[in-house]
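Student: The structure follows.
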Amino acid sequence: MPQTLDAAAVRTWCSLALDALGRDREEIDAINVYPVADGDTGTNLYLTVESAVRAVEAVFDAHATGTSVPDLPDAVRAMAHGALIGARGNSGTILAQLLRGMAEVLCEDTAGAGAEDGGDHLARALRRAAQLAREAVAHPVEGTILTVAAAAADAAAREAGDGANGAGGDGAAYGSDAAVHAAYAGARVALDATPGQLAVLGRAGVVDAGGRGLLAVLAALVEAVTGDAPARVAPGARPHDLPAVVESCDADDSPVGPAFEVIYLLETDEAGITRLRRRLDALGDSLVVVGGDGLWNVHVHVDDAGAAVEAGVEAGRPYRIRITHFGAAAGHQRERAQRAVVAVVPGEGLAGLCAEAGATTVLARPGEPPASGELVEAIRRAHAHEVVLLPNDAELRHTAAAAAEQARAEGIRVALIPTRAAVQGIAALAVHEPDRRFDEDVVAMTSAAGATRYAELAVAERQSWTMAGICQAGDLLGLIDGDVAVIGTELAATAESVLDRMLSAGGELVTLVLGEDVPDTLAERLERYVRDGHLAVDTVIYRGGRQSVPLLIGVE
C-alpha cells in the first residue's frame, strides 16, 4: 500500500537498505575496479548504512518511553548524521552526502503543501542529493555513483512534473509512489550505461560498484514508500552479457594510484574546509569532503598519509582517523596480503608514521579508547591472511584479545603482541619483516617491544597519593612503566629526571614523542641532555599531534 515518506518509512528504508547491501556486499566488492581496485565498495557502503541505521534507531529508542513518535525531520537528520560519522571509503562518503542532501529538502516544512506535492518533494530531495554529492567530489567523473544519482533525480523530476499535470486527488502517497519508481528505473538504466562512460569499467566488463550499491539503496526506498520491492538485480548480472568475474588486466590498463586511503572526521568552519580542499587536492586524488555545519568527513588517496592528516590538523580538529595501505594489487582485484600489522596510536602524527611503515592504524582519542569492533574492522581492512595486532595500551589488553578472537573466528591468523605503550609499538614495527616466517616475525617484534621501557609525562588532575609522594592538581607526573616515579612542576626538568632514571639501567636508543603543544625547543634540549650524559645513546624525535599527554618516552 503506498504511503507518504514519514519517519516510520525512513526507518524501514534504512533497515531494508542495510539488508540489501548485506546480501549484495560480496557481489559489489567483486566488481570494485574504480577508483581503486581494492574490493571493498560493498563493505564500505554496508558499514555506512549500518551507522545510519544505528542513528535512526537511537531516535526511535529515545521516544520509546513516551507517547510521542519521531517526526520526519528527526528521522532524516539522524539518518544523514549517522551516515556522515560512519562513512567508509569513496562511495560510502558520497552516499553520506546524498543522504544529507535528501535530508535538507525532506526537513523543509510541508505542512501547507498540496496533496499532489509528494512526488515533487521527493524529486527535489533527490535533485539536492545529487547536487551536493557532485559538489563534494573534487574532480567528478561520469560513469560513477554520481552519474547514477543524477539520473535518478532527473527521472523523478520528470515523473513529478507529469504527475502534477495529470494527477487527480490520490494524494501525496501517489506522487511519492510514482516518483520513487521512476527514480529507481532511471538509476538502473544509468547503471547499465556506466561501462560505456568509464573505460576501466568497460575493459573489466562490470558496472560501477558504487552505482550498483546506490541502486540497492534506491530499491529499498521504493519498497519502503510503495510496499512493492523491485525485482532484484541478478547476482553477477552485467550489461552486454560480459563476464561476471573481474579478470586480471594488463598493467597499463590504469595508472598506479596513491598508496594510502586517509579518512577522518573534522571539526572546522567553511574557511578551514576551503583551505583543506586546496591542500589535499594538491597531495593526492579521489578527494571527497562531505558534511557541513562544523562537522565534515574527509576522504582522500595519497602517498604521504602524514601530510594528509597534518592538513586536517591545520584546518581544525580531526578525529576517528583511519589510514589504510592499499598494498599490491593483482589486476583490478586487490589480493589479500600475506601479512599486515594493525596498530593503535594515540595521536595523528604517529598514525601517519605507522601508516607509512605499512601498518593499518586505529586512532585512540583521549578518554575514548577504541572498542573491540573497531579493532576487528581494522583487522579486516588490513586485508591479510596474517595480522600482528599492537594495542599499544595496557588498558586495551582485554579489548584487543576479544578483537583477535573474533578475527580468528573469521579465518584470519592473528598474533596479539601485548604492547603497553606507543613507543613499544614503534619498536616492534621497526623490526617487522613480512618476508620471514610468521612465528619468527612475531617473536622478533615481541622481543623488541619487551626490550623497550616506556614513560610518559602527564598532568595531575587532582591531589593524590603516588609512589613518588603527594601530587597536587596541575603537577607534572613522570610515569615509568605505568608507575609514578617523578613529580615536578616544569616539563623539561621533569623529563630530564625521568630520562636519568630510565638510562641508569642502560640503553641504546631514546625515542621522544612530542604532543601538539610541546615546542621544538624542548626536543632540542632533551636531545642535548641525552647526548651530553650518554655519548653512546642515540635519540629519535617524532611529532605525535594531539595526544592525551605532552610527552612519551621510550628507551631501548
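Naming scheme: A, B, ... for chains in displayed order of the C-alpha cells; residues 1 onward per chain; ligands 1 onward as shown.
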For Ser286 of chain A, list every protein, DNA or RNA residue within 10 Å, evaluated using only C-alpha atoms, and leave out those in the same chain fewer than 4 positions away; present the list as a ChimeraX atom specification.
Tutor: /A:35-36,89-90,137-140,257-258,261,280-281,299-302
Student: Could you write out the selected residues, including N, CA and C atoms, as a tab-separated table (two decimals), in the first residue's frame?
Tutor:
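Once written, selection.tsv looks like this:
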```tsv
chain	number	residue	atom	x	y	z
A	35	PRO	N	37.55	3.91	-7.91
A	35	PRO	CA	38.81	4.45	-8.41
A	35	PRO	C	40.03	3.60	-8.07
A	36	VAL	N	39.88	2.69	-7.09
A	36	VAL	CA	40.95	1.77	-6.74
A	36	VAL	C	40.36	0.38	-6.66
A	89	GLY	N	35.14	4.70	2.93
A	89	GLY	CA	35.55	4.63	1.55
A	89	GLY	C	34.98	5.74	0.68
A	90	ASN	N	35.36	5.70	-0.58
A	90	ASN	CA	34.95	6.73	-1.53
A	90	ASN	C	33.43	6.73	-1.73
A	137	VAL	N	32.82	16.17	-4.47
A	137	VAL	CA	33.92	15.46	-5.13
A	137	VAL	C	34.80	16.48	-5.85
A	138	ALA	N	36.09	16.43	-5.58
A	138	ALA	CA	36.99	17.43	-6.15
A	138	ALA	C	37.00	17.39	-7.67
A	139	HIS	N	36.99	16.20	-8.25
A	139	HIS	CA	37.04	16.06	-9.71
A	139	HIS	C	36.02	14.99	-10.12
A	140	PRO	N	34.75	15.38	-10.29
A	140	PRO	CA	33.70	14.41	-10.63
A	140	PRO	C	33.99	13.68	-11.94
A	257	GLY	N	48.00	4.16	-8.60
A	257	GLY	CA	47.48	5.25	-7.77
A	257	GLY	C	48.26	5.39	-6.49
A	258	PRO	N	47.82	6.34	-5.65
A	258	PRO	CA	48.48	6.56	-4.36
A	258	PRO	C	48.43	5.33	-3.47
A	261	GLU	N	44.77	5.26	1.67
A	261	GLU	CA	43.48	5.91	1.81
A	261	GLU	C	43.44	6.52	3.21
A	280	LEU	N	44.65	19.23	0.14
A	280	LEU	CA	44.55	17.80	-0.15
A	280	LEU	C	44.48	17.52	-1.65
A	281	ASP	N	43.86	18.44	-2.40
A	281	ASP	CA	43.79	18.25	-3.84
A	281	ASP	C	45.18	18.24	-4.46
A	299	HIS	N	37.83	12.33	2.89
A	299	HIS	CA	38.36	11.10	2.27
A	299	HIS	C	39.30	11.50	1.15
A	300	VAL	N	40.50	10.89	1.13
A	300	VAL	CA	41.47	11.19	0.07
A	300	VAL	C	42.43	10.03	-0.08
A	301	HIS	N	42.96	9.83	-1.30
A	301	HIS	CA	44.00	8.86	-1.57
A	301	HIS	C	45.31	9.61	-1.77
A	302	VAL	N	46.34	9.26	-1.01
A	302	VAL	CA	47.61	9.98	-1.05
A	302	VAL	C	48.78	9.01	-0.90
```
Student: Which parts of segment 182-383 of chain A does DSSP call strand (DSSP E or B) when run on the backbone here, written out as a ChimeraX atom specification?
Tutor: /A:260-267,284-292,295-302,317-325,330,333,337-345,360-363,365,368
Student: Which residues are near Asp24 of chain A? Cut-off 9 Å, only C-alpha atoms, ignore same chain within fewer than 5 positions. Put them as a compact mmCIF listing (two decimals) with N, CA and C atoms, in the first residue's frame.
Tutor:
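Saved to part-v3.txt:
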```txt
# COMPACT_ATOMS: atom_id res chain seq x y z
N ASP A 19 19.76 -4.47 4.78
CA ASP A 19 19.57 -5.88 4.40
C ASP A 19 20.03 -6.11 2.95
N ASP A 29 31.60 -5.88 -3.88
CA ASP A 29 33.05 -5.90 -3.65
C ASP A 29 33.78 -6.47 -4.87
N GLY A 42 31.32 -2.63 -1.58
CA GLY A 42 30.12 -3.16 -0.95
C GLY A 42 30.21 -3.13 0.56
N GLY A 213 25.69 -0.19 -5.67
CA GLY A 213 25.26 -0.07 -4.29
C GLY A 213 24.14 0.94 -4.11
N ALA A 216 20.81 -0.49 -4.96
CA ALA A 216 20.25 -1.28 -3.87
C ALA A 216 19.56 -0.38 -2.85
N PRO A 235 22.43 -11.65 -9.23
CA PRO A 235 23.85 -11.66 -8.85
C PRO A 235 24.74 -11.92 -10.06
```
Student: Name all residues at most 10 Å from Glu433 of chain A (count only C-alpha atoms; drop same-chain ones fewer than 4 positions away) and give them as a ChimeraX atom specification.
Tutor: /A:339,429,437-438,440-442,444-445
Student: For segment 506-519 of chain A, please output as a ChimeraX atom specification all residues within 7 Å (counting only C-alpha atoms; exclusion window: fewer than 4 positions along the same chain).
Tutor: /A:536-547,549-556
Student: Give the answer as one residue: which of A:Gly411, A:Pro70, A:Pro230, A:Gly143 has the shortest atom-to-atom distance to Arg380 of chain A, using only C-alpha atoms?
Tutor: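 For Arg380 of chain A, the nearest of the candidates is A:Gly411.
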Student: Which residues come within 10 Å of His398 of chain A, counting only C-alpha atoms, excluding same-chain residues fewer than 6 positions away, as a list of chain:residue names?
Tutor: A:Ser372, A:Pro391, A:Ala404
Student: Output N, CA, C and O atoms of each residue in that selection to a file, as a PDB file, in the first residue's frame.
Tutor:
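again-v7.pdb was written with the following content:
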```
ATOM      1  N   SER A 372      36.278  -3.092  20.718  1.00  0.00           N
ATOM      2  CA  SER A 372      36.785  -4.291  20.034  1.00  0.00           C
ATOM      3  C   SER A 372      36.290  -4.335  18.588  1.00  0.00           C
ATOM      4  O   SER A 372      37.012  -4.797  17.699  1.00  0.00           O
ATOM      5  N   PRO A 391      48.200  -3.276  20.412  1.00  0.00           N
ATOM      6  CA  PRO A 391      47.246  -2.393  21.095  1.00  0.00           C
ATOM      7  C   PRO A 391      47.880  -1.125  21.652  1.00  0.00           C
ATOM      8  O   PRO A 391      47.214  -0.091  21.791  1.00  0.00           O
ATOM      9  N   ALA A 404      40.962 -10.007  18.557  1.00  0.00           N
ATOM     10  CA  ALA A 404      41.774 -11.058  17.945  1.00  0.00           C
ATOM     11  C   ALA A 404      40.988 -12.360  17.838  1.00  0.00           C
ATOM     12  O   ALA A 404      41.045 -13.056  16.808  1.00  0.00           O
TER      13      ALA A 404
END
```
Student: Go ahead and compute the interatomic distance for atom CA of Ile323 of chain A and atom CA of Val262 of chain A, in Å to one decimal.
Tutor: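 It comes out at 4.6 Å.
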Student: Could you give me, as a list in words, the residues within 9 Å of Ala271 of chain A, counting only C-alpha atoms and dropping anything in the same chain fewer than 4 positions from it?
Tutor: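 What passes the distance filter is Arg275, Leu276 and Ala315 of chain A.
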Student: Keeping only N, CA, C and O atoms, write the selected residues as a PDB file, in the first residue's frame.
Tutor:
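As a result, selection.pdb now contains:
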```pdb
ATOM      1  N   ARG A 275      40.401  25.786   2.719  1.00  0.00           N
ATOM      2  CA  ARG A 275      41.865  25.630   2.725  1.00  0.00           C
ATOM      3  C   ARG A 275      42.253  24.152   2.621  1.00  0.00           C
ATOM      4  O   ARG A 275      43.183  23.793   1.910  1.00  0.00           O
ATOM      5  N   LEU A 276      41.508  23.305   3.337  1.00  0.00           N
ATOM      6  CA  LEU A 276      41.829  21.876   3.343  1.00  0.00           C
ATOM      7  C   LEU A 276      41.644  21.272   1.956  1.00  0.00           C
ATOM      8  O   LEU A 276      42.465  20.462   1.508  1.00  0.00           O
ATOM      9  N   ALA A 315      43.669  22.574   9.620  1.00  0.00           N
ATOM     10  CA  ALA A 315      42.351  23.121   9.280  1.00  0.00           C
ATOM     11  C   ALA A 315      41.392  23.121  10.458  1.00  0.00           C
ATOM     12  O   ALA A 315      40.459  23.928  10.497  1.00  0.00           O
TER      13      ALA A 315
END
```
Student: Atom CA of Asp6 of chain A to atom CA of His121 of chain A: how many Å, to one decimal?
Tutor: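 Separating atom CA of Asp6 of chain A from atom CA of His121 of chain A is a distance of 12.3 Å.
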Student: Let me make sure I understand: among A:Ala185, A:Val141, A:Leu214, A:Val207, which one has the smallest atom-to-atom distance to Leu99 of chain A if we use only C-alpha atoms?
Tutor: A:Leu214
Student: If DSSP is run on the backbone, what residues of segment 294-426 of chain A are alpha helix (DSSP H)? A reply as a ChimeraX atom specification would be ideal.
Tutor: /A:305-315,348-356,372-382,397-409,422-426
Student: Given the choices A:Ala80, A:Ala160, A:Leu21, A:Leu5, which gets closest to Glu223 of chain A if the distance is worked out from only C-alpha atoms?
Tutor: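 When distances to Glu223 of chain A are compared using only C-alpha atoms, the smallest one comes from A:Leu5.
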Student: Closest to Glu310 of chain A among A:Gly161, A:Gly450, A:Gly352, A:Pro346, using only C-alpha atoms?
Tutor: A:Gly352
